[in-house]
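As provided, final-v9.csv (CSV, C-alpha atoms) reads as follows.
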```
chain,number,residue,atom,x,y,z
N,1,MET,CA,-29.4,51.0,-78.6
N,2,PRO,CA,-29.9,47.2,-78.2
N,3,SER,CA,-28.9,45.6,-74.9
N,4,LEU,CA,-25.4,44.2,-74.6
N,5,ASN,CA,-26.9,40.6,-74.6
N,6,LEU,CA,-28.6,41.3,-77.9
N,7,GLN,CA,-25.5,43.0,-79.4
N,8,ILE,CA,-23.4,39.9,-78.6
N,9,VAL,CA,-26.0,37.5,-80.2
N,10,ILE,CA,-26.2,39.7,-83.3
N,11,ALA,CA,-22.4,39.9,-83.5
N,12,ALA,CA,-22.0,36.1,-83.2
N,13,VAL,CA,-24.5,35.5,-86.0
N,14,LEU,CA,-23.0,38.1,-88.3
N,15,GLY,CA,-19.5,36.7,-87.6
N,16,VAL,CA,-20.5,33.2,-88.7
N,17,LEU,CA,-22.3,34.5,-91.8
N,18,ILE,CA,-19.4,36.7,-92.9
N,19,GLY,CA,-16.9,34.0,-92.1
N,20,SER,CA,-18.8,31.5,-94.2
N,21,TRP,CA,-18.8,34.0,-97.1
N,22,ALA,CA,-15.1,34.7,-96.7
N,23,SER,CA,-14.3,30.9,-96.7
N,24,GLY,CA,-15.6,30.8,-100.3
N,25,LEU,CA,-13.2,33.4,-101.5
N,26,ALA,CA,-10.0,32.4,-103.3
N,27,ASP,CA,-6.9,32.0,-101.0
N,28,ASP,CA,-5.1,34.8,-102.9
N,29,SER,CA,-8.1,37.2,-102.6
N,30,LEU,CA,-7.0,40.6,-101.2
N,31,THR,CA,-10.5,41.0,-99.7
N,32,LYS,CA,-10.1,37.8,-97.7
N,33,ASP,CA,-6.5,38.7,-96.6
N,34,TYR,CA,-7.6,42.2,-95.4
N,35,LEU,CA,-10.7,40.8,-93.7
N,36,LEU,CA,-8.7,38.1,-91.8
N,37,TYR,CA,-6.0,40.6,-90.9
N,38,GLY,CA,-8.5,43.0,-89.4
N,39,ALA,CA,-10.4,40.2,-87.7
N,40,GLY,CA,-7.1,38.8,-86.2
N,41,ILE,CA,-6.2,42.2,-84.8
N,42,ALA,CA,-9.6,42.9,-83.2
N,43,GLY,CA,-10.0,39.4,-81.9
N,44,SER,CA,-6.5,39.3,-80.3
N,45,PHE,CA,-7.1,42.7,-78.7
N,46,PHE,CA,-10.3,41.5,-77.1
N,47,ILE,CA,-8.7,38.3,-75.7
N,48,ASP,CA,-5.6,40.2,-74.5
N,49,LEU,CA,-7.9,42.5,-72.5
N,50,LEU,CA,-9.5,39.5,-70.9
N,51,LYS,CA,-6.2,37.9,-70.1
N,52,MET,CA,-5.0,41.2,-68.6
N,53,VAL,CA,-7.6,41.0,-65.8
N,54,LEU,CA,-7.6,37.1,-65.6
N,55,ILE,CA,-4.9,36.5,-63.0
N,56,PRO,CA,-5.8,39.4,-60.6
N,57,LEU,CA,-9.5,38.3,-60.8
N,58,VAL,CA,-8.7,34.6,-60.1
N,59,PHE,CA,-6.4,35.5,-57.2
N,60,THR,CA,-8.6,38.0,-55.4
N,61,SER,CA,-11.9,36.2,-56.0
N,62,ILE,CA,-10.6,32.9,-54.6
N,63,VAL,CA,-8.9,34.6,-51.5
N,64,VAL,CA,-12.0,36.7,-50.7
N,65,GLY,CA,-14.4,33.9,-51.4
N,66,VAL,CA,-12.5,31.4,-49.2
N,67,ALA,CA,-12.1,34.0,-46.4
N,68,ASN,CA,-15.8,34.8,-46.4
N,69,LEU,CA,-16.8,31.2,-46.6
N,70,GLN,CA,-14.6,30.3,-43.7
N,71,ALA,CA,-15.8,33.2,-41.7
N,72,HIS,CA,-19.4,32.1,-42.1
N,73,ARG,CA,-18.5,28.4,-41.5
N,74,GLN,CA,-19.7,27.4,-45.0
N,75,ALA,CA,-16.4,26.3,-46.5
N,76,ASN,CA,-16.8,22.6,-45.8
N,77,ARG,CA,-20.2,22.4,-47.4
N,78,VAL,CA,-19.2,24.4,-50.4
N,79,TRP,CA,-16.1,22.2,-50.9
N,80,LYS,CA,-18.3,19.1,-50.6
N,81,TYR,CA,-21.1,20.1,-52.9
N,82,THR,CA,-18.7,21.6,-55.5
N,83,LEU,CA,-16.6,18.4,-55.8
N,84,ILE,CA,-19.7,16.2,-55.9
N,85,PHE,CA,-21.2,18.3,-58.7
N,86,PHE,CA,-18.0,18.4,-60.7
N,87,VAL,CA,-17.4,14.6,-60.5
N,88,CYS,CA,-21.1,13.8,-61.3
N,89,SER,CA,-21.4,16.2,-64.2
N,90,THR,CA,-18.1,15.1,-65.8
N,91,SER,CA,-19.0,11.4,-65.3
N,92,LEU,CA,-22.4,11.9,-67.0
N,93,ALA,CA,-20.7,13.6,-69.9
N,94,MET,CA,-18.3,10.8,-70.5
N,95,ILE,CA,-21.0,8.1,-70.1
N,96,LEU,CA,-23.0,9.9,-72.8
N,97,ALA,CA,-19.9,10.1,-75.1
N,98,LEU,CA,-19.0,6.4,-74.7
N,99,VAL,CA,-22.6,5.2,-75.2
N,100,ALA,CA,-23.1,7.3,-78.3
N,101,THR,CA,-19.7,6.5,-79.8
N,102,ASN,CA,-20.3,2.7,-79.3
N,103,ILE,CA,-23.6,3.1,-81.1
N,104,VAL,CA,-22.5,5.3,-84.0
N,105,LYS,CA,-19.0,3.8,-84.4
N,106,PRO,CA,-17.3,6.8,-86.1
N,107,GLY,CA,-14.2,6.0,-88.0
N,108,GLU,CA,-15.4,2.7,-89.4
N,109,GLY,CA,-14.6,2.6,-93.1
N,110,LEU,CA,-11.7,5.0,-92.7
N,111,HIS,CA,-8.1,3.9,-92.3
N,112,LEU,CA,-5.1,5.3,-90.6
N,113,SER,CA,-3.3,5.1,-94.0
N,114,MET,CA,-5.4,8.0,-95.2
N,115,PHE,CA,-3.7,10.2,-92.6
N,116,ALA,CA,-0.2,8.8,-93.0
N,117,ASP,CA,1.4,12.1,-94.0
N,118,ALA,CA,-0.1,14.0,-91.1
N,119,MET,CA,1.0,11.3,-88.6
N,120,GLU,CA,4.6,11.2,-90.0
N,121,ASN,CA,5.0,15.0,-89.6
N,122,PHE,CA,3.7,15.0,-86.0
N,123,SER,CA,5.9,14.2,-83.0
N,124,ALA,CA,3.9,13.3,-79.9
N,125,LYS,CA,5.3,13.9,-76.5
N,126,GLN,CA,4.7,10.6,-74.8
N,127,MET,CA,3.8,10.8,-71.1
N,128,THR,CA,2.8,7.9,-68.8
N,129,PRO,CA,0.0,8.3,-66.2
N,130,GLY,CA,2.6,8.3,-63.5
N,131,GLU,CA,4.6,11.1,-65.2
N,132,PHE,CA,1.4,13.1,-65.8
N,133,PHE,CA,0.5,12.8,-62.1
N,134,VAL,CA,4.0,14.0,-61.0
N,135,GLN,CA,3.8,16.9,-63.5
N,136,PHE,CA,0.3,17.8,-62.3
N,137,MET,CA,1.3,17.8,-58.6
N,138,HIS,CA,4.4,19.8,-59.4
N,139,SER,CA,2.2,22.4,-61.2
N,140,LEU,CA,0.1,22.9,-58.0
N,141,PHE,CA,2.9,24.3,-55.8
N,142,GLN,CA,5.1,26.9,-57.3
N,143,ASN,CA,6.5,30.3,-56.4
N,144,PRO,CA,3.3,32.4,-56.2
N,145,PHE,CA,5.1,35.5,-57.7
N,146,SER,CA,6.3,33.4,-60.6
N,147,ALA,CA,2.9,31.8,-61.0
N,148,LEU,CA,1.2,35.2,-61.0
N,149,ALA,CA,3.7,36.6,-63.6
N,150,GLU,CA,3.5,33.6,-65.9
N,151,GLY,CA,-0.3,33.2,-65.7
N,152,ASN,CA,-0.1,29.7,-64.2
N,153,ILE,CA,-3.8,29.6,-63.1
N,154,LEU,CA,-3.6,26.2,-61.2
N,155,SER,CA,-0.7,27.4,-59.0
N,156,VAL,CA,-2.5,30.8,-58.4
N,157,VAL,CA,-5.6,29.0,-57.3
N,158,VAL,CA,-3.8,26.8,-54.8
N,159,PHE,CA,-1.9,29.8,-53.3
N,160,ALA,CA,-5.1,31.8,-53.1
N,161,LEU,CA,-6.8,28.9,-51.3
N,162,PHE,CA,-4.0,28.8,-48.7
N,163,LEU,CA,-4.0,32.6,-48.3
N,164,GLY,CA,-7.8,32.7,-47.9
N,165,VAL,CA,-7.7,30.1,-45.1
N,166,ALA,CA,-4.7,31.9,-43.4
N,167,LEU,CA,-6.6,35.2,-43.4
N,168,VAL,CA,-9.5,33.6,-41.5
N,169,MET,CA,-7.2,31.8,-39.0
N,170,SER,CA,-5.3,35.0,-38.3
N,171,GLY,CA,-8.5,36.5,-36.9
N,172,GLY,CA,-8.8,40.3,-36.8
N,173,ARG,CA,-5.1,40.9,-37.2
N,174,ALA,CA,-5.3,40.6,-41.0
N,175,LYS,CA,-8.7,42.2,-41.5
N,176,ASN,CA,-7.1,45.2,-43.3
N,177,VAL,CA,-5.6,42.8,-45.9
N,178,LEU,CA,-9.0,41.3,-46.6
N,179,ILE,CA,-10.6,44.7,-46.9
N,180,VAL,CA,-8.0,45.7,-49.5
N,181,LEU,CA,-8.5,42.5,-51.5
N,182,GLN,CA,-12.2,42.9,-51.4
N,183,GLU,CA,-11.9,46.5,-52.7
N,184,PHE,CA,-9.4,45.4,-55.3
N,185,LEU,CA,-11.8,42.7,-56.5
N,186,ASP,CA,-14.6,45.3,-56.9
N,187,LEU,CA,-12.2,47.4,-59.1
N,188,ILE,CA,-11.3,44.4,-61.2
N,189,MET,CA,-15.0,43.6,-61.8
N,190,ARG,CA,-15.5,47.3,-62.8
N,191,ILE,CA,-12.8,46.9,-65.4
N,192,VAL,CA,-14.5,43.7,-66.6
N,193,GLY,CA,-17.6,45.8,-67.1
N,194,TRP,CA,-15.7,48.2,-69.3
N,195,ILE,CA,-14.2,45.3,-71.4
N,196,MET,CA,-17.7,44.0,-72.0
N,197,TYR,CA,-18.5,47.0,-74.1
N,198,LEU,CA,-16.0,45.6,-76.6
N,199,ALA,CA,-17.3,42.0,-76.4
N,200,PRO,CA,-19.6,42.3,-79.5
N,201,LEU,CA,-16.7,43.5,-81.7
N,202,GLY,CA,-14.3,40.8,-80.3
N,203,ILE,CA,-16.7,37.9,-80.7
N,204,PHE,CA,-17.6,39.2,-84.2
N,205,ALA,CA,-13.9,39.2,-85.2
N,206,LEU,CA,-13.1,35.8,-83.6
N,207,LEU,CA,-15.9,34.0,-85.3
N,208,ILE,CA,-15.1,35.5,-88.8
N,209,LYS,CA,-11.5,34.2,-88.5
N,210,LEU,CA,-12.6,30.8,-87.1
N,211,VAL,CA,-15.2,30.0,-89.8
N,212,ALA,CA,-13.2,31.5,-92.7
N,213,THR,CA,-10.0,29.4,-92.0
N,214,GLN,CA,-11.5,25.9,-91.8
N,215,ASN,CA,-10.5,23.2,-94.2
N,216,SER,CA,-13.9,22.1,-95.6
N,217,GLU,CA,-12.5,19.0,-97.4
N,218,LEU,CA,-11.1,17.6,-94.1
N,219,LEU,CA,-14.2,18.5,-92.2
N,220,SER,CA,-16.2,16.5,-94.8
N,221,THR,CA,-13.9,13.5,-94.4
N,222,LEU,CA,-14.3,13.4,-90.6
N,223,SER,CA,-17.9,14.6,-90.7
N,224,VAL,CA,-19.4,11.7,-88.8
N,225,PHE,CA,-17.0,12.1,-85.9
N,226,ILE,CA,-17.5,15.9,-85.9
N,227,ALA,CA,-21.3,15.6,-85.9
N,228,LEU,CA,-21.1,13.0,-83.1
N,229,VAL,CA,-19.1,15.3,-80.9
N,230,PHE,CA,-21.3,18.3,-81.6
N,231,VAL,CA,-24.5,16.4,-81.0
N,232,THR,CA,-23.4,14.7,-77.7
N,233,THR,CA,-21.9,17.9,-76.4
N,234,ILE,CA,-25.1,19.8,-77.2
N,235,VAL,CA,-27.2,17.1,-75.6
N,236,HIS,CA,-25.1,17.3,-72.4
N,237,GLY,CA,-25.3,21.1,-72.5
N,238,ALA,CA,-29.0,21.4,-73.5
N,239,VAL,CA,-30.5,18.4,-71.6
N,240,VAL,CA,-28.3,16.9,-68.9
N,241,LEU,CA,-26.9,20.0,-67.2
N,242,PRO,CA,-30.3,21.9,-67.4
N,243,ALA,CA,-32.0,18.8,-66.0
N,244,ILE,CA,-29.6,18.8,-63.0
N,245,LEU,CA,-30.2,22.6,-62.6
N,246,TYR,CA,-34.0,22.2,-62.6
N,247,ALA,CA,-34.0,19.1,-60.4
N,248,ILE,CA,-32.1,20.9,-57.6
N,249,THR,CA,-33.0,24.6,-58.0
N,250,LYS,CA,-36.3,24.5,-60.0
N,251,LYS,CA,-34.7,27.2,-62.2
N,252,SER,CA,-35.7,26.9,-65.9
N,253,PRO,CA,-33.1,26.5,-68.7
N,254,LEU,CA,-34.5,29.7,-70.3
N,255,TRP,CA,-33.8,31.6,-67.1
N,256,PHE,CA,-30.2,30.2,-67.2
N,257,TRP,CA,-29.8,31.1,-70.8
N,258,ARG,CA,-30.8,34.7,-70.3
N,259,GLY,CA,-28.3,35.1,-67.5
N,260,SER,CA,-25.4,33.2,-69.1
N,261,ARG,CA,-25.5,33.8,-72.8
N,262,GLU,CA,-22.8,36.6,-72.7
N,263,ALA,CA,-20.4,34.1,-71.1
N,264,LEU,CA,-21.4,31.1,-73.3
N,265,ILE,CA,-21.1,33.0,-76.6
N,266,THR,CA,-17.7,34.4,-75.5
N,267,ALA,CA,-16.5,30.9,-74.6
N,268,PHE,CA,-17.7,29.6,-78.0
N,269,ALA,CA,-15.8,32.4,-79.8
N,270,THR,CA,-12.6,32.3,-77.8
N,271,SER,CA,-12.4,28.5,-77.1
N,272,SER,CA,-10.9,29.4,-73.8
N,273,SER,CA,-12.6,29.0,-70.4
N,274,SER,CA,-9.8,30.9,-68.8
N,275,ALA,CA,-10.1,33.9,-71.1
N,276,THR,CA,-13.8,33.8,-70.6
N,277,LEU,CA,-13.5,33.7,-66.8
N,278,PRO,CA,-13.9,37.4,-66.1
N,279,ILE,CA,-17.2,37.4,-68.1
N,280,THR,CA,-18.3,34.1,-66.4
N,281,MET,CA,-17.8,35.7,-63.0
N,282,ARG,CA,-19.7,38.8,-64.0
N,283,CYS,CA,-22.7,36.8,-65.4
N,284,THR,CA,-22.8,34.4,-62.4
N,285,GLU,CA,-22.9,37.1,-59.8
N,286,GLU,CA,-24.9,39.8,-61.5
N,287,ASN,CA,-27.3,37.9,-63.7
N,288,LEU,CA,-27.7,34.5,-62.0
N,289,LYS,CA,-27.5,36.2,-58.5
N,290,VAL,CA,-25.1,33.7,-57.0
N,291,ARG,CA,-23.5,34.9,-53.8
N,292,LYS,CA,-20.1,36.5,-54.4
N,293,GLU,CA,-18.2,34.3,-52.0
N,294,ILE,CA,-19.6,31.1,-53.6
N,295,ALA,CA,-19.2,32.3,-57.2
N,296,GLY,CA,-15.7,33.5,-56.3
N,297,PHE,CA,-14.8,30.0,-55.2
N,298,VAL,CA,-16.8,27.7,-57.5
N,299,VAL,CA,-16.3,29.5,-60.9
N,300,PRO,CA,-12.4,29.8,-60.8
N,301,MET,CA,-12.2,26.2,-59.5
N,302,GLY,CA,-14.4,25.0,-62.3
N,303,ALA,CA,-12.4,26.8,-64.9
N,304,THR,CA,-9.4,24.9,-63.6
N,305,ILE,CA,-10.7,21.4,-63.0
N,306,ASN,CA,-14.3,21.1,-64.2
N,307,MET,CA,-14.2,20.3,-67.9
N,308,ASP,CA,-17.3,18.4,-69.0
N,309,GLY,CA,-16.9,19.2,-72.7
N,310,THR,CA,-13.2,18.2,-72.7
N,311,ALA,CA,-13.8,14.9,-70.9
N,312,LEU,CA,-16.7,14.1,-73.3
N,313,TYR,CA,-14.5,14.9,-76.3
N,314,GLU,CA,-11.5,12.9,-75.1
N,315,ALA,CA,-13.6,9.8,-74.4
N,316,ALA,CA,-15.2,10.0,-77.8
N,317,ALA,CA,-11.9,10.7,-79.6
N,318,ALA,CA,-10.2,7.6,-78.0
N,319,LEU,CA,-13.0,5.3,-79.3
N,320,PHE,CA,-12.8,7.1,-82.7
N,321,ILE,CA,-9.0,6.4,-83.0
N,322,ALA,CA,-9.6,2.8,-81.9
N,323,ASN,CA,-12.1,2.4,-84.8
N,324,LEU,CA,-9.6,3.8,-87.2
N,325,VAL,CA,-6.9,1.4,-86.0
N,326,GLY,CA,-9.4,-1.5,-86.1
N,327,ILE,CA,-9.3,-2.2,-82.3
N,328,ASP,CA,-12.5,-3.1,-80.5
N,329,LEU,CA,-12.0,-1.8,-77.0
N,330,THR,CA,-13.4,-4.0,-74.3
N,331,LEU,CA,-15.6,-2.8,-71.4
N,332,GLY,CA,-12.6,-2.9,-69.1
N,333,GLN,CA,-10.5,-0.8,-71.6
N,334,GLN,CA,-13.4,1.7,-71.9
N,335,LEU,CA,-13.5,2.0,-68.1
N,336,ILE,CA,-9.8,2.9,-68.2
N,337,VAL,CA,-10.6,5.5,-70.9
N,338,PHE,CA,-13.3,6.8,-68.5
N,339,ILE,CA,-11.0,7.2,-65.6
N,340,THR,CA,-8.0,8.5,-67.5
N,341,ALA,CA,-10.2,11.1,-69.4
N,342,MET,CA,-11.6,12.4,-66.1
N,343,ILE,CA,-8.1,12.8,-64.7
N,344,ALA,CA,-6.7,14.3,-67.9
N,345,SER,CA,-9.6,16.8,-68.3
N,346,MET,CA,-8.9,18.1,-64.7
N,347,GLY,CA,-5.3,18.7,-65.7
N,348,ALA,CA,-6.1,20.4,-69.0
N,349,PRO,CA,-5.4,24.2,-68.9
N,350,GLY,CA,-8.3,26.4,-69.9
N,351,ILE,CA,-6.8,27.6,-73.2
N,352,PRO,CA,-7.6,26.8,-76.9
N,353,SER,CA,-7.0,23.2,-77.8
N,354,ALA,CA,-5.7,22.4,-74.3
N,355,GLY,CA,-7.4,19.0,-74.6
N,356,MET,CA,-4.8,17.9,-77.1
N,357,VAL,CA,-2.1,18.2,-74.4
N,358,THR,CA,-3.8,15.5,-72.3
N,359,MET,CA,-5.4,13.5,-75.1
N,360,ILE,CA,-2.1,11.7,-75.7
N,361,MET,CA,-2.3,10.2,-72.2
N,362,VAL,CA,-5.8,8.9,-72.8
N,363,LEU,CA,-4.7,7.2,-76.0
N,364,GLN,CA,-1.7,5.7,-74.4
N,365,SER,CA,-3.8,4.3,-71.5
N,366,VAL,CA,-5.3,1.7,-73.8
N,367,GLY,CA,-2.4,1.2,-76.1
N,368,LEU,CA,-3.5,3.4,-79.0
N,369,PRO,CA,-0.9,5.2,-81.1
N,370,ALA,CA,-0.2,8.7,-79.7
N,371,GLU,CA,0.8,9.9,-83.2
N,372,ALA,CA,-2.9,9.5,-84.2
N,373,ILE,CA,-3.6,12.7,-82.4
N,374,ALA,CA,-2.3,14.4,-85.6
N,375,ILE,CA,-5.6,13.4,-87.2
N,376,LEU,CA,-7.5,15.4,-84.6
N,377,LEU,CA,-5.4,18.6,-84.7
N,378,PRO,CA,-6.8,20.2,-87.9
N,379,ILE,CA,-10.4,19.8,-86.7
N,380,ASP,CA,-9.8,20.5,-83.0
N,381,ARG,CA,-10.3,24.3,-83.2
N,382,VAL,CA,-13.9,23.8,-84.5
N,383,LEU,CA,-14.7,21.2,-81.9
N,384,ASP,CA,-13.1,23.3,-79.2
N,385,THR,CA,-15.8,26.0,-79.6
N,386,ILE,CA,-18.7,23.9,-78.4
N,387,ARG,CA,-16.9,22.0,-75.7
N,388,THR,CA,-15.5,25.2,-74.2
N,389,ALA,CA,-19.0,26.6,-74.0
N,390,VAL,CA,-20.2,23.5,-72.2
N,391,ASN,CA,-17.2,23.7,-69.8
N,392,VAL,CA,-18.2,27.2,-68.9
N,393,GLN,CA,-21.9,26.3,-68.7
N,394,GLY,CA,-21.0,23.5,-66.2
N,395,ASP,CA,-19.1,26.0,-64.0
N,396,MET,CA,-22.0,28.4,-63.9
N,397,ILE,CA,-24.7,25.7,-63.3
N,398,GLY,CA,-22.4,24.3,-60.6
N,399,SER,CA,-22.3,27.7,-58.9
N,400,VAL,CA,-26.1,28.0,-58.9
N,401,VAL,CA,-26.6,24.5,-57.6
N,402,VAL,CA,-24.0,24.9,-54.8
N,403,ASP,CA,-25.5,28.3,-53.9
N,404,LYS,CA,-28.9,26.6,-53.6
N,405,LEU,CA,-27.7,23.6,-51.6
N,406,VAL,CA,-25.7,25.7,-49.1
N,407,GLY,CA,-28.7,28.1,-48.8
N,408,ASP,CA,-31.0,25.2,-48.0
N,409,ASP,CA,-28.6,24.0,-45.3
N,410,ASP,CA,-28.5,27.4,-43.8
N,411,ALA,CA,-32.3,27.6,-43.7
N,412,GLN,CA,-32.7,24.3,-41.9
N,413,PRO,CA,-33.5,24.7,-38.2
N,414,VAL,CA,-30.8,23.5,-35.7
N,415,SER,CA,-32.1,20.6,-33.7
N,416,THR,CA,-31.6,20.8,-29.9
N,417,ASN,CA,-31.6,18.0,-27.4
N,418,THR,CA,-33.7,18.5,-24.3
```

Let me see whether you can do it: turn the structure in this file into structure tokens.
Amino acid sequence: MPSLNLQIVIAAVLGVLIGSWASGLADDSLTKDYLLYGAGIAGSFFIDLLKMVLIPLVFTSIVVGVANLQAHRQANRVWKYTLIFFVCSTSLAMILALVATNIVKPGEGLHLSMFADAMENFSAKQMTPGEFFVQFMHSLFQNPFSALAEGNILSVVVFALFLGVALVMSGGRAKNVLIVLQEFLDLIMRIVGWIMYLAPLGIFALLIKLVATQNSELLSTLSVFIALVFVTTIVHGAVVLPAILYAITKKSPLWFWRGSREALITAFATSSSSATLPITMRCTEENLKVRKEIAGFVVPMGATINMDGTALYEAAAALFIANLVGIDLTLGQQLIVFITAMIASMGAPGIPSAGMVTMIMVLQSVGLPAEAIAILLPIDRVLDTIRTAVNVQGDMIGSVVVDKLVGDDDAQPVSTNT
């Protein structure tokens, strides 16, 4: 029996191949209908299982992680290193996107009139940066029971942070609560291990449906932009992030790939960093050997606010729309795109095509028509695959980097004054 890692890789390759074959069948083909129906059921079942454990996992891992970090006086350093890494990696992703898009200039030669029908049938919900900020802040603080029931991850993370700090400050009086949560977290991770046995089937089904349902004519029309996003995202994931990893930890990209491929392939297939979170946690702790309290803090936080692939895509898409409209964005306007895309990517939920929700704000920040987002919607599902994989990769590399930096701090001798 091949290892689970190998099974997932084989399932992904077969899913793409069978999906490509199915896309060539006639739309009224019974074979295609039955195949997509079966793939839809299997894929949805796998994602539903991941969503089932998502909220309990996020809540317990954050609470236990923060409590343990506070107890060992590591919380301040972990916070500092985590935020620095997230800001730096996201900034590098957007700089790469802006430079590449200015060089290639996708959209030149095309015109908005080609997409008039799509734009007329699309109603964009306009939101100013101020309104977005108010909504974002409102989403942070909600009834925790309501947030847990509705799956509002951002609110769950915030409440878990408060509870983790409160557990430490209460001293030994609440130690039984922490013990219960630690044991509950272990049980959740055991369930995640069971779900992983179905990962090859779920990934196989999801990729069949993804590849078989794409509009090849539209993909051809926007091929330059699609290729640009894929190439820049892959460069960020295959060069920039591994370079940061090696520079700080001396760990090779091959070592990282071996430990993370289950999570990366699942992210690619599901296009959801949130749904992939249980597998990301498992790979980070068991394969990459990151301490549980650090992985339990950095990975859920990253799945909520660290979106390298999404920020890269939104920056490139804004310049692409500008080219379609015939507007040459100045350096100052591109700086606005840079800042807005960073804020918007942090507010994007970790679900398929979530970047579309915040993409409107990026377009509006430099006066581009929000309705033009209709052009991106049909191709977004394809682009979402690779950017989600890079989002998850950034979270995992961030965990390894923070674990290394905090460990180095702990290893330094304490100076004494005589």

Among listed residues N:Leu376, N:Leu140, N:Ile153, N:Ala315, nearest Ser273 (chain N) (using all atoms listed in the file):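 For Ser273 (chain N), the nearest of the candidates is N:Ile153.
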
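Each of N:Gly107, N:Gly40, N:Gly398, N:Gly15 was compared to Ile375 (chain N) using only C-alpha atoms, and N:Gly107 turns out to be the nearest.
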
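Interatomic distance, CA of Ile386 (chain N) to CA of Val229 (chain N): 9.0 Å.
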
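Among the candidate residues N:Ile18, N:Leu377, N:Ala322, N:Leu50, the one lying nearest to Gly202 (chain N) is N:Leu50, with distances computed using all atoms listed in the file.
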
Using all atoms listed in the file, which residues of region 12-84 of chain N come within 9 Å of region 173-193 of chain N, and what is the closest atom pair for each, with the distance in Å to one decimal? Give it as CSV, sorted by chain and residue number.
```
residue,atom,partner,partner_atom,distance
N:Leu49,CA,N:Val192,CA,8.9
N:Leu50,CA,N:Val192,CA,7.8
N:Val53,CA,N:Ile188,CA,6.8
N:Pro56,CA,N:Ile188,CA,7.5
N:Leu57,CA,N:Ile188,CA,6.4
N:Thr60,CA,N:Leu185,CA,5.8
N:Ser61,CA,N:Leu185,CA,6.5
N:Val63,CA,N:Leu181,CA,7.9
N:Val64,CA,N:Gln182,CA,6.2
N:Ala67,CA,N:Leu178,CA,7.9
```

Interatomic distance, CA of Thr310 (chain N) to CA of Ile226 (chain N) (Å, one decimal):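 So the answer is 14.1 Å.
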
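One finds CA of Ala341 (chain N) at 9.7 Å from CA of Ser91 (chain N).
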
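Counting all atoms listed in the file, Val16 (chain N) has the following residues at most 10 Å away, ignoring those fewer than 3 positions along the same chain: N:Ala11, N:Ala12, N:Val13, N:Gly19, N:Ser20, N:Trp21, N:Ala22, N:Phe204, N:Ala205, N:Leu206, N:Leu207, N:Ile208, N:Lys209, N:Leu210, N:Val211, N:Ala212.
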
Nearest to Thr90 (chain N) by atom-to-atom distance, counting all atoms listed in the file, from N:Leu241, N:Ile248, N:Leu163, N:Val400: N:Leu241

Closest of N:Lys32, N:Lys51, N:His138, N:Arg387 to Leu264 (chain N) - atom-to-atom distances counting all atoms listed in the file: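 The answer is N:Arg387, which sits nearest to Leu264 (chain N).
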
Nearest to Ala269 (chain N) by atom-to-atom distance, counting only C-alpha atoms, from N:Val134, N:Ile343, N:Ile41, N:Ala199: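 The shortest atom-to-atom distance to Ala269 (chain N) comes from N:Ala199.
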
Test item: residues at most 12 Å from Val224 (chain N), only C-alpha atoms, excluding those fewer than 3 positions along its chain, as a PyMOL selection string: chain N and resi 100-101+104-110+218-221+227-231+316-317+320

Expected residue set, 12 Å radius at (-29.2, 19.6, -59.4), only C-alpha atoms, as number ranges by chain: N: 81-82, 84-86, 88-89, 240-252, 394, 397-405

Distance query Ser260 (chain N) at most 10 Å, all atoms listed in the file, self and fewer than 5 positions along chain excluded, as a ChimeraX atom specification: /N:5,254-255,265,279-280,282-284,287-288,392-393,396-397

Leu92 (chain N) environment, 9 Å, all atoms listed in the file, sequence neighbours closer than 6 positions dropped, as a list of chain:residue names: N:His236, N:Val240, N:Asp308, N:Leu312
